[in-house]
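Participant: Sending over coords-v2.tsv (TSV, C-alpha atoms and all ligand atoms).
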chain	number	residue	atom	x	y	z
A	1	MET	CA	-25.45	-16.15	-16.50
A	2	PRO	CA	-22.22	-14.18	-16.18
A	3	GLU	CA	-21.58	-11.79	-19.05
A	4	ARG	CA	-18.82	-12.68	-21.53
A	5	VAL	CA	-15.66	-10.63	-21.67
A	6	SER	CA	-15.01	-8.99	-25.02
A	7	LYS	CA	-12.16	-10.42	-27.09
A	8	LYS	CA	-10.53	-6.99	-27.07
A	9	ALA	CA	-10.20	-6.97	-23.25
A	10	GLU	CA	-8.41	-10.35	-23.32
A	11	LYS	CA	-9.28	-10.93	-19.72
A	12	PRO	CA	-9.33	-14.59	-18.73
A	13	ARG	CA	-12.46	-15.98	-17.10
A	14	VAL	CA	-11.72	-16.92	-13.51
A	15	ALA	CA	-12.77	-19.82	-11.30
A	16	ILE	CA	-12.09	-19.41	-7.58
A	17	ILE	CA	-11.59	-22.41	-5.34
A	18	GLY	CA	-12.73	-21.57	-1.80
A	19	ALA	CA	-15.02	-18.86	-0.46
A	20	GLY	CA	-13.16	-17.63	2.63
A	21	ASN	CA	-11.54	-14.33	3.52
A	22	LEU	CA	-9.17	-13.94	0.56
A	23	ALA	CA	-11.63	-15.41	-1.97
A	24	SER	CA	-14.29	-12.90	-0.92
A	25	ALA	CA	-12.07	-9.83	-1.28
A	26	LEU	CA	-10.46	-11.11	-4.47
A	27	ALA	CA	-13.67	-12.14	-6.24
A	28	VAL	CA	-15.27	-8.76	-5.61
A	29	ALA	CA	-12.14	-6.84	-6.70
A	30	LEU	CA	-11.84	-8.94	-9.87
A	31	ARG	CA	-15.49	-8.38	-10.66
A	32	GLU	CA	-15.05	-4.63	-10.16
A	33	ALA	CA	-12.10	-4.80	-12.56
A	34	ARG	CA	-14.48	-6.36	-15.12
A	35	TYR	CA	-13.29	-9.94	-14.86
A	36	VAL	CA	-15.90	-12.64	-15.31
A	37	ILE	CA	-15.97	-15.01	-12.35
A	38	ASP	CA	-17.36	-18.27	-13.72
A	39	GLU	CA	-17.48	-20.47	-10.66
A	40	ILE	CA	-16.89	-20.36	-6.92
A	41	VAL	CA	-15.88	-23.92	-6.08
A	42	SER	CA	-16.40	-25.25	-2.55
A	43	ARG	CA	-15.38	-28.58	-1.15
A	44	GLU	CA	-17.99	-31.32	-0.90
A	45	GLY	CA	-20.70	-30.88	1.70
A	46	ALA	CA	-23.77	-28.72	2.07
A	47	ALA	CA	-22.18	-26.45	4.69
A	48	SER	CA	-19.29	-25.49	2.41
A	49	LEU	CA	-21.54	-24.95	-0.58
A	50	ARG	CA	-23.88	-22.82	1.53
A	51	LYS	CA	-20.95	-20.52	2.37
A	52	ALA	CA	-19.95	-20.25	-1.31
A	53	ARG	CA	-23.43	-19.26	-2.53
A	54	PRO	CA	-23.65	-15.64	-1.29
A	55	LEU	CA	-20.23	-14.83	-2.72
A	56	ALA	CA	-21.11	-16.48	-6.04
A	57	HIS	CA	-24.35	-14.49	-6.13
A	58	GLU	CA	-22.52	-11.24	-5.38
A	59	VAL	CA	-20.07	-11.66	-8.26
A	60	GLY	CA	-22.43	-13.26	-10.80
A	61	ALA	CA	-20.81	-16.72	-10.61
A	62	THR	CA	-22.14	-20.22	-10.05
A	63	ALA	CA	-21.46	-21.91	-6.70
A	64	VAL	CA	-20.53	-25.57	-7.15
A	65	THR	CA	-18.81	-28.29	-5.18
A	66	THR	CA	-15.54	-29.77	-6.45
A	67	SER	CA	-17.20	-32.81	-8.01
A	68	ARG	CA	-19.56	-30.62	-10.06
A	69	ALA	CA	-17.07	-27.95	-11.14
A	70	GLN	CA	-16.95	-27.37	-14.91
A	71	LEU	CA	-13.74	-25.32	-14.85
A	72	ARG	CA	-14.32	-23.71	-18.24
A	73	ALA	CA	-12.43	-20.67	-16.97
A	74	GLU	CA	-8.97	-20.04	-18.39
A	75	LEU	CA	-7.64	-19.14	-14.94
A	76	VAL	CA	-8.20	-21.11	-11.72
A	77	TRP	CA	-7.26	-19.42	-8.43
A	78	PHE	CA	-6.93	-21.57	-5.31
A	79	CYS	CA	-7.92	-19.54	-2.23
A	80	VAL	CA	-7.85	-22.39	0.29
A	81	PRO	CA	-5.67	-22.79	3.40
A	82	ASP	CA	-2.01	-23.51	2.63
A	83	GLY	CA	-2.24	-27.12	3.81
A	84	ALA	CA	-5.24	-27.77	1.53
A	85	ILE	CA	-3.79	-26.40	-1.75
A	86	ALA	CA	-2.20	-29.60	-3.07
A	87	GLY	CA	-5.22	-31.68	-1.98
A	88	ALA	CA	-7.69	-29.27	-3.58
A	89	ALA	CA	-5.66	-29.39	-6.82
A	90	ASP	CA	-5.68	-33.17	-6.67
A	91	ALA	CA	-9.43	-33.26	-6.08
A	92	ILE	CA	-10.07	-31.14	-9.15
A	93	LYS	CA	-7.38	-32.37	-11.51
A	94	ASP	CA	-9.73	-34.49	-13.66
A	95	ALA	CA	-12.41	-31.82	-13.98
A	96	THR	CA	-10.92	-30.23	-17.09
A	97	ASP	CA	-8.15	-30.30	-19.69
A	98	TRP	CA	-5.46	-28.16	-18.06
A	99	SER	CA	-3.38	-27.48	-21.16
A	100	GLY	CA	-3.21	-23.75	-21.79
A	101	LYS	CA	-4.80	-22.85	-18.46
A	102	VAL	CA	-3.27	-20.84	-15.64
A	103	ALA	CA	-3.54	-22.09	-12.05
A	104	LEU	CA	-2.63	-19.88	-9.09
A	105	HIS	CA	-2.55	-20.15	-5.34
A	106	SER	CA	-2.03	-17.40	-2.77
A	107	SER	CA	0.11	-18.91	-0.05
A	108	GLY	CA	2.83	-16.55	1.11
A	109	ALA	CA	5.16	-19.33	2.22
A	110	LEU	CA	4.53	-22.16	-0.27
A	111	THR	CA	5.84	-22.10	-3.83
A	112	SER	CA	4.08	-22.75	-7.11
A	113	ASP	CA	5.26	-26.38	-6.82
A	114	GLU	CA	2.16	-27.03	-4.68
A	115	LEU	CA	0.36	-27.05	-8.04
A	116	ALA	CA	2.87	-29.43	-9.69
A	117	GLU	CA	0.13	-31.95	-10.52
A	118	LEU	CA	-1.67	-29.34	-12.64
A	119	ARG	CA	1.63	-28.27	-14.21
A	120	ARG	CA	2.17	-31.90	-15.27
A	121	ARG	CA	-1.23	-31.75	-16.93
A	122	GLY	CA	-0.34	-28.69	-19.01
A	123	ALA	CA	-1.23	-25.75	-16.78
A	124	SER	CA	1.13	-22.88	-16.20
A	125	VAL	CA	1.25	-22.30	-12.44
A	126	ALA	CA	2.27	-19.53	-10.04
A	127	SER	CA	1.93	-18.40	-6.46
A	128	VAL	CA	0.64	-14.86	-5.97
A	129	HIS	CA	0.50	-13.41	-2.47
A	130	PRO	CA	-1.09	-10.07	-1.64
A	131	LEU	CA	0.78	-8.45	1.25
A	132	MET	CA	-2.48	-7.55	2.96
A	133	THR	CA	-4.66	-8.88	5.76
A	134	PHE	CA	-8.12	-10.26	5.02
A	135	VAL	CA	-10.49	-11.06	7.88
A	136	ARG	CA	-14.17	-11.89	7.90
A	137	GLU	CA	-15.39	-8.47	8.85
A	138	SER	CA	-13.37	-6.45	6.31
A	139	ARG	CA	-12.65	-6.47	2.61
A	140	PRO	CA	-9.74	-4.12	2.07
A	141	PRO	CA	-9.31	-2.56	-1.36
A	142	LEU	CA	-6.51	-4.15	-3.40
A	143	ALA	CA	-5.38	-0.89	-5.03
A	144	GLY	CA	-1.82	-0.14	-3.95
A	145	VAL	CA	-1.32	-3.58	-2.39
A	146	PRO	CA	2.01	-5.30	-3.24
A	147	PHE	CA	1.60	-8.81	-4.72
A	148	ALA	CA	4.57	-11.20	-4.46
A	149	ILE	CA	4.67	-13.43	-7.54
A	150	GLU	CA	6.69	-16.55	-8.30
A	151	GLY	CA	6.18	-19.32	-10.84
A	152	ASP	CA	6.06	-20.31	-14.51
A	153	GLN	CA	6.63	-17.62	-17.10
A	154	ARG	CA	3.20	-17.66	-18.73
A	155	ALA	CA	1.36	-17.71	-15.39
A	156	VAL	CA	3.54	-14.91	-14.04
A	157	ARG	CA	2.81	-12.80	-17.14
A	158	ALA	CA	-0.93	-13.40	-16.77
A	159	VAL	CA	-0.96	-12.63	-13.08
A	160	ARG	CA	1.06	-9.44	-13.49
A	161	GLY	CA	-1.63	-8.22	-15.90
A	162	ILE	CA	-4.36	-9.07	-13.40
A	163	VAL	CA	-2.57	-7.36	-10.52
A	164	ARG	CA	-2.15	-4.25	-12.64
A	165	ASP	CA	-5.89	-4.34	-13.47
A	166	LEU	CA	-6.56	-4.46	-9.72
A	167	HIS	CA	-4.24	-1.43	-9.36
A	168	GLY	CA	-1.95	-3.56	-7.17
A	169	GLN	CA	1.86	-3.57	-7.24
A	170	PRO	CA	3.31	-6.82	-8.65
A	171	PHE	CA	6.84	-7.85	-7.68
A	172	SER	CA	8.88	-11.01	-8.21
A	173	LEU	CA	10.16	-13.47	-5.62
A	174	ARG	CA	12.39	-16.52	-5.99
A	175	LYS	CA	11.23	-19.85	-4.59
A	176	LYS	CA	13.97	-19.88	-1.96
A	177	GLU	CA	12.88	-16.45	-0.70
A	178	LYS	CA	9.26	-17.33	0.00
A	179	GLU	CA	9.56	-18.52	3.60
A	180	ALA	CA	11.51	-15.47	4.74
A	181	TYR	CA	9.14	-13.26	2.74
A	182	HIS	CA	6.17	-14.72	4.57
A	183	ALA	CA	7.91	-14.38	7.94
A	184	TRP	CA	8.22	-10.66	7.11
A	185	GLY	CA	4.48	-10.55	6.41
A	186	MET	CA	3.85	-12.34	9.69
A	187	PHE	CA	5.69	-9.59	11.58
A	188	VAL	CA	3.82	-6.82	9.83
A	189	SER	CA	0.27	-7.94	10.57
A	190	PRO	CA	-0.40	-11.08	12.66
A	191	LEU	CA	2.46	-10.48	15.10
A	192	LEU	CA	1.72	-6.77	15.24
A	193	THR	CA	-1.82	-7.74	16.22
A	194	ALA	CA	-0.39	-10.13	18.81
A	195	LEU	CA	1.68	-7.24	20.18
A	196	LEU	CA	-1.47	-5.15	20.48
A	197	ALA	CA	-3.20	-7.99	22.33
A	198	VAL	CA	-0.26	-8.23	24.76
A	199	SER	CA	-0.39	-4.44	25.13
A	200	GLU	CA	-4.02	-4.73	26.22
A	201	ARG	CA	-2.97	-7.22	28.90
A	202	VAL	CA	-0.24	-4.89	30.11
A	203	ALA	CA	-2.89	-2.14	30.33
A	204	GLY	CA	-4.78	-4.51	32.63
A	205	ALA	CA	-1.83	-4.45	35.05
A	206	ALA	CA	-2.21	-0.65	35.09
A	207	GLY	CA	-5.88	-1.00	35.97
A	208	VAL	CA	-7.20	-0.22	32.47
A	209	ARG	CA	-9.83	-2.62	31.05
A	210	ARG	CA	-9.27	-4.15	27.58
A	211	SER	CA	-12.03	-2.25	25.81
A	212	ALA	CA	-10.87	1.07	27.30
A	213	ALA	CA	-7.23	0.21	26.55
A	214	ARG	CA	-7.98	-0.31	22.84
A	215	LYS	CA	-9.66	3.08	22.61
A	216	ARG	CA	-6.94	4.87	24.58
A	217	MET	CA	-4.13	3.29	22.55
A	218	LEU	CA	-5.46	4.41	19.17
A	219	PRO	CA	-4.14	8.01	19.07
A	220	ILE	CA	-0.55	7.00	19.90
A	221	LEU	CA	-0.76	3.98	17.60
A	222	ARG	CA	-1.99	6.05	14.69
A	223	GLN	CA	0.65	8.72	15.25
A	224	THR	CA	3.39	6.07	15.44
A	225	LEU	CA	2.28	4.63	12.09
A	226	GLU	CA	2.03	8.08	10.57
A	227	ASN	CA	5.54	8.96	11.77
A	228	TYR	CA	6.86	5.64	10.43
A	229	ALA	CA	5.17	6.21	7.05
A	230	ALA	CA	6.36	9.81	6.72
A	231	LEU	CA	9.79	9.44	8.31
A	232	SER	CA	11.46	6.08	9.11
A	233	ALA	CA	11.74	3.58	11.97
A	234	ARG	CA	14.75	5.45	13.35
A	235	ALA	CA	13.09	8.86	13.25
A	236	SER	CA	9.90	7.48	14.83
A	237	PHE	CA	11.58	5.90	17.85
A	238	SER	CA	10.91	7.65	21.17
A	239	GLY	CA	10.81	6.49	24.81
A	240	PRO	CA	13.23	5.38	27.53
A	241	ILE	CA	15.52	3.33	25.23
A	242	ALA	CA	16.01	6.28	22.86
A	243	ARG	CA	16.63	8.53	25.90
A	244	GLY	CA	18.89	5.99	27.58
A	245	ASP	CA	16.75	5.91	30.72
A	246	VAL	CA	18.04	2.64	32.21
A	247	GLU	CA	16.16	2.97	35.51
A	248	THR	CA	12.80	3.29	33.79
A	249	VAL	CA	13.44	0.22	31.65
A	250	SER	CA	14.44	-1.65	34.81
A	251	ALA	CA	11.16	-0.57	36.49
A	252	HIS	CA	9.18	-1.81	33.46
A	253	LEU	CA	10.81	-5.22	33.69
A	254	LYS	CA	9.82	-5.42	37.35
A	255	ALA	CA	6.20	-4.39	36.70
A	256	LEU	CA	5.86	-6.88	33.83
A	257	ARG	CA	6.59	-9.87	36.07
A	258	VAL	CA	2.84	-10.13	36.75
A	259	VAL	CA	1.76	-10.15	33.07
A	260	PRO	CA	2.17	-13.55	31.36
A	261	LYS	CA	4.58	-13.43	28.37
A	262	ALA	CA	4.68	-9.62	28.30
A	263	ARG	CA	8.14	-9.48	29.88
A	264	GLU	CA	9.58	-11.88	27.28
A	265	VAL	CA	8.02	-9.87	24.44
A	266	TYR	CA	9.37	-6.62	25.94
A	267	LEU	CA	12.86	-8.08	26.30
A	268	ALA	CA	12.92	-9.50	22.75
A	269	LEU	CA	11.71	-6.26	21.17
A	270	ALA	CA	13.96	-4.05	23.30
A	271	GLN	CA	16.99	-6.19	22.37
A	272	ALA	CA	16.00	-5.95	18.69
A	273	ALA	CA	15.59	-2.18	19.08
A	274	LEU	CA	19.23	-1.90	20.16
A	275	LEU	CA	20.28	-3.44	16.82
A	276	ASP	CA	18.61	-0.86	14.57
A	277	LEU	CA	17.28	2.09	16.49
A	278	PRO	CA	18.88	5.11	18.16
A	279	ALA	CA	19.60	4.57	21.88
A	280	LYS	CA	21.59	6.35	24.55
A	281	ASN	CA	23.41	4.41	27.32
A	282	ARG	CA	23.62	1.41	25.00
A	283	VAL	CA	26.11	-0.55	27.08
A	284	ALA	CA	24.06	-0.29	30.30
A	285	LEU	CA	20.83	-1.06	28.45
A	286	LYS	CA	22.37	-4.07	26.73
A	287	LYS	CA	23.48	-5.41	30.10
A	288	LEU	CA	20.06	-4.84	31.67
A	289	LEU	CA	18.23	-6.51	28.79
A	290	LYS	CA	20.46	-9.61	28.84
A	291	GLN	CA	18.18	-11.60	31.18
B	1	LIG	N1	-6.39	-14.05	5.10
B	1	LIG	C1	-5.30	-13.36	4.77
B	1	LIG	O1	-5.01	-12.33	5.35
B	1	LIG	C2	-4.44	-13.83	3.61
B	1	LIG	C3	-3.52	-12.92	3.05
B	1	LIG	C4	-2.73	-13.32	1.97
B	1	LIG	C5	-2.83	-14.62	1.51
B	1	LIG	N2	-3.70	-15.50	2.09
B	1	LIG	C6	-3.76	-16.86	1.57
B	1	LIG	O2	-5.03	-17.12	1.04
B	1	LIG	C7	-5.33	-18.50	1.16
B	1	LIG	C8	-6.70	-18.63	1.80
B	1	LIG	O3	-6.66	-18.04	3.09
B	1	LIG	P1	-7.98	-17.43	3.77
B	1	LIG	O4	-7.50	-16.58	4.90
B	1	LIG	O5	-8.90	-16.87	2.75
B	1	LIG	O6	-8.60	-18.77	4.40
B	1	LIG	P2	-10.08	-19.01	4.94
B	1	LIG	O7	-10.76	-17.69	5.21
B	1	LIG	O8	-9.96	-19.99	6.02
B	1	LIG	O9	-10.84	-19.66	3.72
B	1	LIG	C9	-10.47	-20.89	3.20
B	1	LIG	C10	-11.55	-21.35	2.24
B	1	LIG	O10	-11.09	-22.54	1.61
B	1	LIG	C11	-12.13	-23.50	1.67
B	1	LIG	N3	-11.54	-24.82	1.56
B	1	LIG	C12	-10.80	-25.49	2.48
B	1	LIG	N4	-10.37	-26.65	1.97
B	1	LIG	C13	-10.86	-26.70	0.70
B	1	LIG	C14	-10.77	-27.66	-0.34
B	1	LIG	N5	-10.07	-28.78	-0.15
B	1	LIG	N6	-11.40	-27.41	-1.52
B	1	LIG	C15	-12.09	-26.27	-1.71
B	1	LIG	N7	-12.21	-25.32	-0.75
B	1	LIG	C16	-11.60	-25.54	0.43
B	1	LIG	C17	-12.86	-23.19	2.95
B	1	LIG	O11	-14.16	-23.70	2.88
B	1	LIG	P3	-14.93	-24.48	4.04
B	1	LIG	O12	-16.11	-23.66	4.33
B	1	LIG	O13	-15.27	-25.79	3.42
B	1	LIG	O14	-13.97	-24.64	5.19
B	1	LIG	C18	-12.87	-21.67	2.90
B	1	LIG	O15	-13.89	-21.20	2.07
B	1	LIG	C19	-4.19	-19.14	1.97
B	1	LIG	O16	-3.28	-19.74	1.07
B	1	LIG	C20	-3.54	-17.94	2.65
B	1	LIG	O17	-2.16	-18.14	2.91
B	1	LIG	C21	-4.51	-15.14	3.12
How does this structure look as structure tokens?

Facilitator:
Amino acid sequence: MPERVSKKAEKPRVAIIGAGNLASALAVALREARYVIDEIVSREGAASLRKARPLAHEVGATAVTTSRAQLRAELVWFCVPDGAIAGAADAIKDATDWSGKVALHSSGALTSDELAELRRRGASVASVHPLMTFVRESRPPLAGVPFAIEGDQRAVRAVRGIVRDLHGQPFSLRKKEKEAYHAWGMFVSPLLTALLAVSERVAGAAGVRRSAARKRMLPILRQTLENYAALSARASFSGPIARGDVETVSAHLKALRVVPKAREVYLALAQAALLDLPAKNRVALKKLLKQ
């Protein structure tokens, strides 16, 4: 049985819906911050329940399917794919009396309105999105991670307290800002990863195999991030655009003709670079990149 939280700590018990990448990192971090995780709720089906069990065991919770969830917890956190949030809320809406409870989801793009059905039933609802990447093979610490929060006042207050207990950085968003906010997040991790994957393909054109390319790219990648962190985008920008070396950029564009999509990515990023970053021979570069 999970231990009870003391009255003094005033920490809500938590039920987590889903047992995927975010749920795993979150449940463990909450447990480490002395939250009681009551239930890990999977969708119906033995395969889903089987995946929920190890996580439940790890955090001292019970693994149950939606139809068997007790939902005694004061706080219910939906960690399911964005498209499944409203359906998961619907599937569980009759499991408990929602008045006084807090219900959260963690979509970066969708607003708290995805949980409108639970709001109608008395819950205070919010969306809370950690600006962090969670994949199967890693559970990053949540300390220092910014959490974008939007929703009803009581839920927002509760979630700010939780984020602080996780040593995260809560900040507020308005509903109308969520899509652009999430597009920003998309640039910072998934599209950055896509850029690295394209980079590996470009390495292939230079006769370097993918596995070797990854290893050889790491020192320059790490230094670029370190420069960016310590300085700024402008102060970290080197290479032929910064130097105004039009002929080199032209040679790159020629070489990239053999690498699918790489030329388009190069052109888009180089054009964007001219908006914000220092460049010599701007006029000639602009003309070259307009293709
Ligand atoms: N991963 C990230 O980097 C990240 C970062 C910030 C925010 N988020 C947000 O976190 C949420 C979850 O993303 P994720 O990456 O953790 O997804 P995920 O790894 O694919 O996990 C989704 C989990 O939800 C379960 N599930 C699906 N439909 C369900 C339902 N109807 N009822 C109960 N459980 C259901 C899945 O179980 P099955 O085994 O049954 O499929 C799985 O355990 C999303 O809203 C996402 O936007 C993710």

Participant: Choose the residue, out of A:Ala47, A:Ala69, A:Thr133, A:Ser199, that has the smallest atom-to-atom separation from Phe187 (chain A); count all atoms listed in the file.

Facilitator: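 Checking each candidate against Phe187 (chain A), we get A:Thr133 as the closest.
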
Participant: Output the neighbourhood of ligand LIG 1 (chain B) as a list of chain:residue names, that is, all protein and nucleic acid residues with some atom at most 6 Å from the ligand, counting all atoms listed in the file.

Facilitator: A:Ile17, A:Gly18, A:Ala19, A:Gly20, A:Asn21, A:Leu22, A:Ala23, A:Ser42, A:Arg43, A:Ser48, A:Cys79, A:Val80, A:Pro81, A:Asp82, A:Ala84, A:Gly87, A:Ala88, A:Ser106, A:Ser107, A:Gly108, A:His129, A:Pro130, A:Met132, A:Thr133, A:Phe134, A:Val135

Participant: So the first atom is CA of Asn281 (chain A) and the second is CA of Thr224 (chain A); what is the distance between them in Å, to one decimal place?

Facilitator: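 One can read the CA of Asn281 (chain A) to CA of Thr224 (chain A) distance as 23.3 Å.
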
Participant: Can you tell me, as an MDAnalysis selection string, what residues are no more than 6 Å from Glu114 (chain A) when counting only C-alpha atoms, ignoring any on the same chain fewer than 2 positions away?

Facilitator: chainID A and resid 86 112 116

Participant: Which residues are near Ala233 (chain A)? Cut-off 9 Å, only C-alpha atoms, ignore same chain within fewer than 6 positions. Put them as a PDB file with C-alpha atoms, in the frame of the given file.

Facilitator:
ATOM      1  CA  ASN A 227       5.540   8.960  11.770  1.00  0.00           C
ATOM      2  CA  ASP A 276      18.610  -0.860  14.570  1.00  0.00           C
ATOM      3  CA  LEU A 277      17.280   2.090  16.490  1.00  0.00           C
TER       4      LEU A 277
END

Participant: Which one is closest to Ile37 (chain A): A:Gln271, A:Leu49, A:Glu179, A:Ala61? Count all atoms listed in the file.

Facilitator: A:Ala61

Participant: Put a box with edges along x, y and z around all the listed atoms of region 191-195 of chain A, pad it by 8 Å on each side, then give me its centre and sizes in Å, one decimal, as AutoDock Vina command-line options.

Facilitator:
--center_x 0.3 --center_y -8.6 --center_z 17.6 --size_x 20.3 --size_y 19.7 --size_z 21.1

Participant: How many Å lie between CA of Leu269 (chain A) and CA of Ala109 (chain A), rounded to one decimal?

Facilitator: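 Pair CA of Leu269 (chain A) / CA of Ala109 (chain A) returns 23.9 Å.
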
Participant: Considering all atoms listed in the file, can you say which of A:Arg119, A:Lys215, A:His57, A:Arg222 comes closest to Ala103 (chain A)?

Facilitator: A:Arg119

Participant: For Leu131 (chain A), which residue among A:Met186, A:Ala194, A:Leu166, A:Val283 is the nearest when counting only C-alpha atoms?

Facilitator: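 Between A:Met186, A:Ala194, A:Leu166, A:Val283, the residue approaching Leu131 (chain A) most closely is A:Met186.
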
Participant: Which distance in Å separates CA of Phe171 (chain A) and CA of Glu39 (chain A), to one decimal?

Facilitator: 27.6 Å

Participant: Please identify all polymer residues within 10 Å of Lys101 (chain A), counting only C-alpha atoms, omitting same-chain residues fewer than 6 positions from it, and present them as a PDB file with C-alpha atoms, keeping the file's coordinate frame.

Facilitator:
ATOM      1  CA  PRO A  12      -9.330 -14.590 -18.730  1.00  0.00           C
ATOM      2  CA  LEU A  71     -13.740 -25.320 -14.850  1.00  0.00           C
ATOM      3  CA  ARG A  72     -14.320 -23.710 -18.240  1.00  0.00           C
ATOM      4  CA  ALA A  73     -12.430 -20.670 -16.970  1.00  0.00           C
ATOM      5  CA  GLU A  74      -8.970 -20.040 -18.390  1.00  0.00           C
ATOM      6  CA  LEU A  75      -7.640 -19.140 -14.940  1.00  0.00           C
ATOM      7  CA  VAL A  76      -8.200 -21.110 -11.720  1.00  0.00           C
ATOM      8  CA  LEU A 118      -1.670 -29.340 -12.640  1.00  0.00           C
ATOM      9  CA  ARG A 119       1.630 -28.270 -14.210  1.00  0.00           C
ATOM     10  CA  ARG A 121      -1.230 -31.750 -16.930  1.00  0.00           C
ATOM     11  CA  GLY A 122      -0.340 -28.690 -19.010  1.00  0.00           C
ATOM     12  CA  ALA A 123      -1.230 -25.750 -16.780  1.00  0.00           C
ATOM     13  CA  SER A 124       1.130 -22.880 -16.200  1.00  0.00           C
ATOM     14  CA  VAL A 125       1.250 -22.300 -12.440  1.00  0.00           C
ATOM     15  CA  ARG A 154       3.200 -17.660 -18.730  1.00  0.00           C
ATOM     16  CA  ALA A 155       1.360 -17.710 -15.390  1.00  0.00           C
TER      17      ALA A 155
END

Participant: Using only C-alpha atoms for the distances, tell me which of A:Val249, A:Val102, A:Ala229, A:Ala197 is nearest to Gly151 (chain A).

Facilitator: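 Of A:Val249, A:Val102, A:Ala229, A:Ala197, the one nearest Gly151 (chain A) is A:Val102, counting only C-alpha atoms.
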